[in-house]
Amino acid sequence: MDIAINWWAILACGVSAVVLGFLWFGPLFGKIWMDSMGMTMPSAEDRKKMGGMMMRSMLIAFVAALVTAYGFIHTLTYADTYMNTSGVSAGLMGGFWNWLSFMMPVVLGAVLWEGKTWKWFLITAGYYLVDLLIMGAILSAWPA
């Protein structure tokens, strides 16, 4: 099966994931998330020192989002070809089922085995759910 790839849509998914992560783990839930991790807000001087590390982390997160979007296109192509689903609703369903099947169990494992809190789970799993819903909408609304 040939899979048509819209590289602009994949790029848009990568950008949306980084922007969502900045907002989600920043002004929206950043303080609560940090508290659930047992972290405190670093001083302005420490944030300056961490600048390079943050840029590196954001670049790696961006590349990971591109990989996720690339894999997601394959899921949506399969659903379109074999299940006759398409459009934004298919993208949203694909986002939800990929989250429920793959992301949520991994994040849940961190609570069960690594001692993360349920508050951390809700914030982190919520991010991945919204991220995959946005990716699904972008990829299905902007096909190749």
# chains A, B, ... in the order shown; residues from 1 in each chain; ligands from 1
$ closest_atom_pairs --of "segment 4-37 of chain A" --to "segment 115-135 of chain A" --cutoff "6 Å" --atoms "only C-alpha atoms" --output "tab-separated table"
residue	atom	partner	partner_atom	distance
A:Cys13	CA	A:Met135	CA	5.4
A:Ala17	CA	A:Asp131	CA	6.0
A:Trp33	CA	A:Trp120	CA	5.9
A:Ser36	CA	A:Trp120	CA	5.5
$ select_by_dssp --residues "segment 8-47 of chain A" --states "alpha helix (DSSP H)" --output "list in words"
Trp8, Ala9, Ile10, Leu11, Ala12, Cys13, Gly14, Val15, Ser16, Ala17, Val18, Val19, Leu20, Gly21, Phe22, Leu23, Gly30, Lys31, Ile32, Trp33, Met34, Asp35, Ser36, Ala44, Glu45, Asp46 and Arg47 of chain A
$ atom_distance --atom1 "atom CA of Leu100 of chain A" --atom2 "atom CA of Ala69 of chain A"
16.3 Å
$ atom_distance --atom1 "atom CA of Leu92 of chain A" --atom2 "atom CA of Tyr70 of chain A"
15.9 Å
$ closest_residue --among "A:Ala12, A:Ile3, A:Val18, A:Val106" --to "Ser57 of chain A" --atoms "only C-alpha atoms"
A:Val18
$ atom_distance --atom1 "atom CA of Val15 of chain A" --atom2 "atom CA of Leu59 of chain A"
10.5 Å
$ residues_around --residues "segment 72-87 of chain A" --least-positions-apart "5" --cutoff "7 Å" --atoms "only C-alpha atoms" --output "PyMOL selection string"
chain A and resi 3+94+139-141
